[in-house]
Amino acid sequence: MTYSDDTQVGAGRRYKPHMAILDWQDTLTTLIRHRTISSDNPTLDCGNRDAVEDLADQLEQAGFACTITPMPSRDDKVNLIARLGTAEHASEKGLVFAGHIDTVPYDDNGWENDPFSLIERDGKLYGLGTCDMKGFIAIAAAVASEYAAHDLTAPVSLLVSADEECGMDGARALLDAHREHGQRPGRFCVIGEPTNLVPIRQHKGIFMETVEVHGASGHSSNPALGANAIEGMYRALTAIRELRDELAERQRIAGFPVPHATLNLGAISGGDNANRIPARCRLDMDLRFLPGMTIDSLRAELHERVDAALADSDCTVHFRELFTGTPAFETAGDSPIVTACEALSGHQAAAVDFGTEGSFYNAMGMDSVVLGPGDIAQAHQPNEYLALERVAPMQRILHGLIERFCLAR
């Protein structure tokens with residue numbers, strides 16, 4: 001196992017027939033046992049390093065060359081790249097199976113069993129992360145391990161990223177390393193987020209913003225004694241809602257469940273007493289946008305609209321990035337990885353409204369498809385499960401991809 005300050009995978013080696021083939025259910029049991037919660041609340045947040053090191057130990061026994069790279073700010077949060085085959089042709093034609101093993105927090109009152117034990121019941125595997133998305137990682141690791149003895153014409157790699165559920169820090173670090181060193185683990189990438197075995201080649205981007213209006217407090221008997229921040233926020237809200245309505249008409253892309261950008265007014269608070277002029281009012285919002293739109297331009301337009309709305313007000317407005325954002329994702333419909341996933345899954349590539357790491361991997365020059373065995377309806381829910389009937393089709397798809405991209409003559 002290699003520990004590195006960058007994402008360069010070590011030199012390849014010849015693999016021998018006696019190397020172990022992984023059992024996906026054993027691997028999943030190990031992953032579920034680890035608490036890998038990502039949360040903005042430091043009392044809930046956990047690292048992923050122990051889980052990644054356990055996984056890497058299994059992968060090395062199966063013949064993978066593993067490199068673990070810690071995040072710049074958190075030594076207990078790491079990325080893993082595990083490779084079969086030589087690194088020589090990885091950037092030109094290598095295949096990557098990618099995902100994360102961090103989970104969201106859980107409500108233990110809603111679970112019928114221990115979230116950190118893999119439980120089989122009624123054709124389903126229960127456990128925190130089974131669907132989103134430790135199940136895919138375990139399945140992909142096991143399928144890839146079957147090819148350790150093969151003379152691969154292109155490498156196949158398993159990529160496990162850190163902290164996807166909060167800030168996608170692992171994917172951002174991989175992109176930064178690519179921009180600095182020009183390295184990438186492969187040319188084509190399958191991200192195993194829960195998609196019901198339907199390939200996804202487009203999804204929306206998202207950013208979240210805090211808008212805070214500052215006024216001046218005073219006695220409510222005379223409005224002139226202060227500057228009412230709630231009144232100021234009313235102006236801001238009018239401008240934001242106008243932007244929301246314009247965005248809904250500005251661009252539409254067929255195939256998305258909601259075919260236009262959306263803007264959600266998520267939380268608002270202001271003032272402290274009925275007989276005081278409120279000095280502050282805060283709004284938290286998110287904006288989900290289509291491919292072709294950018295975070296910087298939309299954020300700038302939001303700020304300009306709100307600034308203009310309060311220009312002649314006694315209040316001031318301040319903005320803060322609640323979430324820096326994830327770009328929208330789109331892979332060309334005629335990309336070889338898209339057409340291969342369509343043929344193997346039997347489904348035409350589609351679009352979704354939720355976000356993934358796909359935009360970061362595409363920015364590295366890896367054509368990416370989101371395709372996994374889980375159901376997004378199970379993600380982030382008590383009693384999360386992976387249906388066993390989805391496992392064999394996922395295995396078949398992954399076998400087909402390896403044979404298409406890594407064994408072609």
# chains A, B, ... in the order shown; residues from 1 in each chain; ligands from 1

$ residues_around --residues "range 386-396 of chain A" --least-positions-apart "3" --cutoff "9 Å" --atoms "only C-alpha atoms" --output "list of chain:residue names"
A:Glu120, A:Gly123, A:Lys124, A:Leu125, A:Tyr126, A:Gly127, A:Gly129, A:Thr130, A:Cys131, A:Asp132, A:Gly135, A:Phe136, A:Ile139, A:Ala140, A:Ala142, A:Val143, A:Asn196, A:Leu197, A:Leu344, A:Ser345, A:Leu371, A:Gly372, A:Pro373, A:Gly374, A:Asp375, A:Gln378, A:His399, A:Gly400, A:Leu401

$ closest_residue --among "A:Asp54, A:Asp169, A:Asp45, A:Asp245" --to "Leu28 in chain A" --atoms "only C-alpha atoms"
A:Asp54

$ closest_atom_pairs --of "range 123-218 of chain A" --to "range 283-306 of chain A" --cutoff "7 Å" --atoms "only C-alpha atoms" --output "Markdown table"
| residue | atom | partner | partner_atom | distance |
| --- | --- | --- | --- | --- |
| A:Lys204 | CA | A:Leu290 | CA | 4.9 |
| A:Gly205 | CA | A:Phe289 | CA | 5.2 |
| A:Ile206 | CA | A:Arg288 | CA | 4.3 |
| A:Phe207 | CA | A:Leu287 | CA | 5.6 |
| A:Met208 | CA | A:Asp286 | CA | 4.2 |
| A:Glu209 | CA | A:Met285 | CA | 5.5 |
| A:Thr210 | CA | A:Asp284 | CA | 4.6 |
| A:Val211 | CA | A:Leu283 | CA | 5.1 |
| A:Glu212 | CA | A:Leu283 | CA | 6.3 |

$ write_last_selection --atoms "C-alpha atoms" --output "mmCIF file, in the first residue's frame"
data_model
loop_
_atom_site.group_PDB
_atom_site.id
_atom_site.type_symbol
_atom_site.label_atom_id
_atom_site.label_comp_id
_atom_site.auth_asym_id
_atom_site.auth_seq_id
_atom_site.Cartn_x
_atom_site.Cartn_y
_atom_site.Cartn_z
ATOM 1 C CA LYS A 204 -28.079 19.628 -12.428
ATOM 2 C CA GLY A 205 -25.542 21.696 -10.549
ATOM 3 C CA ILE A 206 -26.237 23.325 -7.212
ATOM 4 C CA PHE A 207 -25.039 26.083 -4.948
ATOM 5 C CA MET A 208 -26.407 27.397 -1.656
ATOM 6 C CA GLU A 209 -26.318 30.962 -0.462
ATOM 7 C CA THR A 210 -27.076 32.939 2.670
ATOM 8 C CA VAL A 211 -28.576 36.402 2.150
ATOM 9 C CA GLU A 212 -28.469 38.562 5.276
#

$ atom_distance --atom1 "CA of Gly192 in chain A" --atom2 "CA of Gly99 in chain A"
5.9 Å

$ atom_distance --atom1 "CA of Pro257 in chain A" --atom2 "CA of Val352 in chain A"
6.5 Å

$ select_by_dssp --residues "range 223-378 of chain A" --states "strand (DSSP E or B)" --output "PDB file with N, CA and C atoms, in the first residue's frame"
ATOM      1  N   ALA A 227     -34.188  50.798  11.185  1.00  0.00           N
ATOM      2  CA  ALA A 227     -34.307  50.348   9.793  1.00  0.00           C
ATOM      3  C   ALA A 227     -34.711  48.881   9.837  1.00  0.00           C
ATOM      4  N   THR A 262     -34.200  25.506 -10.693  1.00  0.00           N
ATOM      5  CA  THR A 262     -35.092  25.750  -9.560  1.00  0.00           C
ATOM      6  C   THR A 262     -34.354  26.537  -8.485  1.00  0.00           C
ATOM      7  N   LEU A 263     -35.105  27.352  -7.767  1.00  0.00           N
ATOM      8  CA  LEU A 263     -34.551  28.145  -6.675  1.00  0.00           C
ATOM      9  C   LEU A 263     -35.466  27.949  -5.468  1.00  0.00           C
ATOM     10  N   ASN A 264     -34.908  27.433  -4.386  1.00  0.00           N
ATOM     11  CA  ASN A 264     -35.701  27.124  -3.205  1.00  0.00           C
ATOM     12  C   ASN A 264     -35.358  28.068  -2.061  1.00  0.00           C
ATOM     13  N   LEU A 265     -36.387  28.702  -1.498  1.00  0.00           N
ATOM     14  CA  LEU A 265     -36.237  29.522  -0.295  1.00  0.00           C
ATOM     15  C   LEU A 265     -36.360  28.584   0.896  1.00  0.00           C
ATOM     16  N   GLY A 266     -35.218  28.185   1.473  1.00  0.00           N
ATOM     17  CA  GLY A 266     -35.199  27.068   2.395  1.00  0.00           C
ATOM     18  C   GLY A 266     -35.410  27.395   3.852  1.00  0.00           C
ATOM     19  N   ALA A 267     -34.871  28.522   4.326  1.00  0.00           N
ATOM     20  CA  ALA A 267     -34.998  28.869   5.748  1.00  0.00           C
ATOM     21  C   ALA A 267     -34.881  30.372   5.882  1.00  0.00           C
ATOM     22  N   ILE A 268     -35.658  30.921   6.816  1.00  0.00           N
ATOM     23  CA  ILE A 268     -35.621  32.365   7.047  1.00  0.00           C
ATOM     24  C   ILE A 268     -35.787  32.640   8.532  1.00  0.00           C
ATOM     25  N   SER A 269     -35.087  33.648   9.014  1.00  0.00           N
ATOM     26  CA  SER A 269     -35.207  34.053  10.420  1.00  0.00           C
ATOM     27  C   SER A 269     -34.876  35.527  10.528  1.00  0.00           C
ATOM     28  N   GLY A 270     -35.550  36.208  11.463  1.00  0.00           N
ATOM     29  CA  GLY A 270     -35.267  37.620  11.656  1.00  0.00           C
ATOM     30  C   GLY A 270     -36.023  38.198  12.835  1.00  0.00           C
ATOM     31  N   ARG A 276     -39.975  45.438  18.794  1.00  0.00           N
ATOM     32  CA  ARG A 276     -38.664  45.974  18.413  1.00  0.00           C
ATOM     33  C   ARG A 276     -38.528  45.948  16.895  1.00  0.00           C
ATOM     34  N   ILE A 277     -37.985  47.006  16.335  1.00  0.00           N
ATOM     35  CA  ILE A 277     -37.649  47.009  14.912  1.00  0.00           C
ATOM     36  C   ILE A 277     -36.504  46.026  14.701  1.00  0.00           C
ATOM     37  N   ARG A 280     -31.900  42.523  11.907  1.00  0.00           N
ATOM     38  CA  ARG A 280     -31.261  41.528  11.047  1.00  0.00           C
ATOM     39  C   ARG A 280     -32.304  40.518  10.578  1.00  0.00           C
ATOM     40  N   CYS A 281     -32.148  40.073   9.335  1.00  0.00           N
ATOM     41  CA  CYS A 281     -32.985  39.011   8.782  1.00  0.00           C
ATOM     42  C   CYS A 281     -32.132  38.176   7.840  1.00  0.00           C
ATOM     43  N   ARG A 282     -32.256  36.868   7.984  1.00  0.00           N
ATOM     44  CA  ARG A 282     -31.390  35.949   7.221  1.00  0.00           C
ATOM     45  C   ARG A 282     -32.245  34.976   6.414  1.00  0.00           C
ATOM     46  N   LEU A 283     -31.810  34.742   5.175  1.00  0.00           N
ATOM     47  CA  LEU A 283     -32.438  33.773   4.288  1.00  0.00           C
ATOM     48  C   LEU A 283     -31.384  32.794   3.796  1.00  0.00           C
ATOM     49  N   ASP A 284     -31.690  31.488   3.865  1.00  0.00           N
ATOM     50  CA  ASP A 284     -30.859  30.450   3.257  1.00  0.00           C
ATOM     51  C   ASP A 284     -31.609  29.869   2.066  1.00  0.00           C
ATOM     52  N   MET A 285     -30.917  29.725   0.947  1.00  0.00           N
ATOM     53  CA  MET A 285     -31.570  29.280  -0.274  1.00  0.00           C
ATOM     54  C   MET A 285     -30.624  28.385  -1.065  1.00  0.00           C
ATOM     55  N   ASP A 286     -31.207  27.582  -1.961  1.00  0.00           N
ATOM     56  CA  ASP A 286     -30.375  26.855  -2.912  1.00  0.00           C
ATOM     57  C   ASP A 286     -30.899  27.078  -4.318  1.00  0.00           C
ATOM     58  N   LEU A 287     -29.958  26.964  -5.271  1.00  0.00           N
ATOM     59  CA  LEU A 287     -30.290  27.128  -6.682  1.00  0.00           C
ATOM     60  C   LEU A 287     -29.716  25.929  -7.428  1.00  0.00           C
ATOM     61  N   ARG A 288     -30.589  25.202  -8.126  1.00  0.00           N
ATOM     62  CA  ARG A 288     -30.175  24.032  -8.908  1.00  0.00           C
ATOM     63  C   ARG A 288     -30.353  24.372 -10.386  1.00  0.00           C
ATOM     64  N   PHE A 289     -29.281  24.181 -11.144  1.00  0.00           N
ATOM     65  CA  PHE A 289     -29.249  24.730 -12.496  1.00  0.00           C
ATOM     66  C   PHE A 289     -28.836  23.674 -13.514  1.00  0.00           C
ATOM     67  N   THR A 316     -28.620  47.329   4.576  1.00  0.00           N
ATOM     68  CA  THR A 316     -27.533  46.801   3.761  1.00  0.00           C
ATOM     69  C   THR A 316     -27.712  45.290   3.642  1.00  0.00           C
ATOM     70  N   VAL A 317     -27.077  44.728   2.637  1.00  0.00           N
ATOM     71  CA  VAL A 317     -27.207  43.284   2.420  1.00  0.00           C
ATOM     72  C   VAL A 317     -25.827  42.659   2.315  1.00  0.00           C
ATOM     73  N   HIS A 318     -25.702  41.473   2.873  1.00  0.00           N
ATOM     74  CA  HIS A 318     -24.448  40.723   2.848  1.00  0.00           C
ATOM     75  C   HIS A 318     -24.737  39.308   2.359  1.00  0.00           C
ATOM     76  N   PHE A 319     -23.798  38.746   1.609  1.00  0.00           N
ATOM     77  CA  PHE A 319     -23.947  37.404   1.060  1.00  0.00           C
ATOM     78  C   PHE A 319     -22.843  36.498   1.606  1.00  0.00           C
ATOM     79  N   ARG A 320     -23.188  35.235   1.772  1.00  0.00           N
ATOM     80  CA  ARG A 320     -22.205  34.242   2.198  1.00  0.00           C
ATOM     81  C   ARG A 320     -22.497  32.928   1.500  1.00  0.00           C
ATOM     82  N   GLU A 321     -21.450  32.268   1.046  1.00  0.00           N
ATOM     83  CA  GLU A 321     -21.608  30.961   0.412  1.00  0.00           C
ATOM     84  C   GLU A 321     -21.918  29.926   1.479  1.00  0.00           C
ATOM     85  N   LEU A 322     -23.128  29.414   1.451  1.00  0.00           N
ATOM     86  CA  LEU A 322     -23.509  28.345   2.368  1.00  0.00           C
ATOM     87  C   LEU A 322     -22.927  27.024   1.870  1.00  0.00           C
ATOM     88  N   PHE A 323     -22.895  26.837   0.552  1.00  0.00           N
ATOM     89  CA  PHE A 323     -22.223  25.708  -0.089  1.00  0.00           C
ATOM     90  C   PHE A 323     -21.638  26.234  -1.384  1.00  0.00           C
ATOM     91  N   THR A 324     -20.320  26.084  -1.551  1.00  0.00           N
ATOM     92  CA  THR A 324     -19.628  26.628  -2.716  1.00  0.00           C
ATOM     93  C   THR A 324     -20.295  26.198  -4.005  1.00  0.00           C
ATOM     94  N   GLY A 325     -20.655  24.931  -4.064  1.00  0.00           N
ATOM     95  CA  GLY A 325     -21.426  24.473  -5.209  1.00  0.00           C
ATOM     96  C   GLY A 325     -20.784  23.326  -5.957  1.00  0.00           C
ATOM     97  N   THR A 326     -21.607  22.648  -6.713  1.00  0.00           N
ATOM     98  CA  THR A 326     -21.192  21.568  -7.600  1.00  0.00           C
ATOM     99  C   THR A 326     -21.665  21.909  -8.998  1.00  0.00           C
ATOM    100  N   PHE A 329     -23.546  18.612 -14.694  1.00  0.00           N
ATOM    101  CA  PHE A 329     -22.815  17.492 -15.288  1.00  0.00           C
ATOM    102  C   PHE A 329     -23.455  17.097 -16.612  1.00  0.00           C
ATOM    103  N   GLU A 330     -22.601  16.887 -17.618  1.00  0.00           N
ATOM    104  CA  GLU A 330     -23.101  16.398 -18.904  1.00  0.00           C
ATOM    105  C   GLU A 330     -21.977  15.681 -19.640  1.00  0.00           C
ATOM    106  N   ALA A 350     -30.227   8.872 -19.200  1.00  0.00           N
ATOM    107  CA  ALA A 350     -31.228   9.833 -18.742  1.00  0.00           C
ATOM    108  C   ALA A 350     -30.563  10.968 -17.969  1.00  0.00           C
ATOM    109  N   ALA A 351     -31.401  11.803 -17.354  1.00  0.00           N
ATOM    110  CA  ALA A 351     -30.951  12.944 -16.566  1.00  0.00           C
ATOM    111  C   ALA A 351     -31.637  12.916 -15.205  1.00  0.00           C
ATOM    112  N   VAL A 352     -30.967  13.464 -14.187  1.00  0.00           N
ATOM    113  CA  VAL A 352     -31.539  13.525 -12.839  1.00  0.00           C
ATOM    114  C   VAL A 352     -31.310  14.917 -12.265  1.00  0.00           C
ATOM    115  N   ASP A 367     -14.579  10.761 -19.393  1.00  0.00           N
ATOM    116  CA  ASP A 367     -16.000  10.689 -19.729  1.00  0.00           C
ATOM    117  C   ASP A 367     -16.682   9.813 -18.675  1.00  0.00           C
ATOM    118  N   SER A 368     -17.722  10.349 -18.044  1.00  0.00           N
ATOM    119  CA  SER A 368     -18.325   9.677 -16.890  1.00  0.00           C
ATOM    120  C   SER A 368     -19.807   9.403 -17.110  1.00  0.00           C
ATOM    121  N   VAL A 369     -20.245   8.303 -16.520  1.00  0.00           N
ATOM    122  CA  VAL A 369     -21.657   7.942 -16.466  1.00  0.00           C
ATOM    123  C   VAL A 369     -21.979   7.586 -15.026  1.00  0.00           C
ATOM    124  N   VAL A 370     -23.133   8.008 -14.549  1.00  0.00           N
ATOM    125  CA  VAL A 370     -23.604   7.638 -13.221  1.00  0.00           C
ATOM    126  C   VAL A 370     -24.520   6.436 -13.378  1.00  0.00           C
TER     127      VAL A 370
END

$ closest_residue --among "A:Ile240, A:Ala311, A:Val104, A:Met71" --to "Pro382 in chain A" --atoms "only C-alpha atoms"
A:Val104

$ select_by_dssp --residues "range 249-363 of chain A" --states "alpha helix (DSSP H)" --output "JSON, numbers by chain"
{"A": [249, 250, 295, 296, 297, 298, 299, 300, 301, 302, 303, 304, 305, 306, 307, 308, 309, 336, 337, 338, 339, 340, 341, 342, 343, 344, 345, 358, 359, 360, 361, 362, 363]}

$ atom_distance --atom1 "CA of Ala248 in chain A" --atom2 "CA of Glu231 in chain A"
26.1 Å

$ closest_residue --among "A:Ala328, A:Cys46, A:Leu55, A:Ile191" --to "Ala98 in chain A" --atoms "only C-alpha atoms"
A:Ile191

$ residues_around --residues "Ser39 in chain A" --least-positions-apart "2" --cutoff "8 Å" --atoms "only C-alpha atoms" --output "PyMOL selection string"
chain A and resi 37+41-42+44-46+104-105+165-166

$ residues_around --residues "Thr27 in chain A" --least-positions-apart "3" --cutoff "9 Å" --atoms "only C-alpha atoms" --output "ChimeraX atom specification"
/A:22-24,30-32,55,58,137-139,141-142

$ residues_around --residues "Asp108 in chain A" --least-positions-apart "6" --cutoff "10 Å" --atoms "only C-alpha atoms" --output "PyMOL selection string"
chain A and resi 114-115+382-383
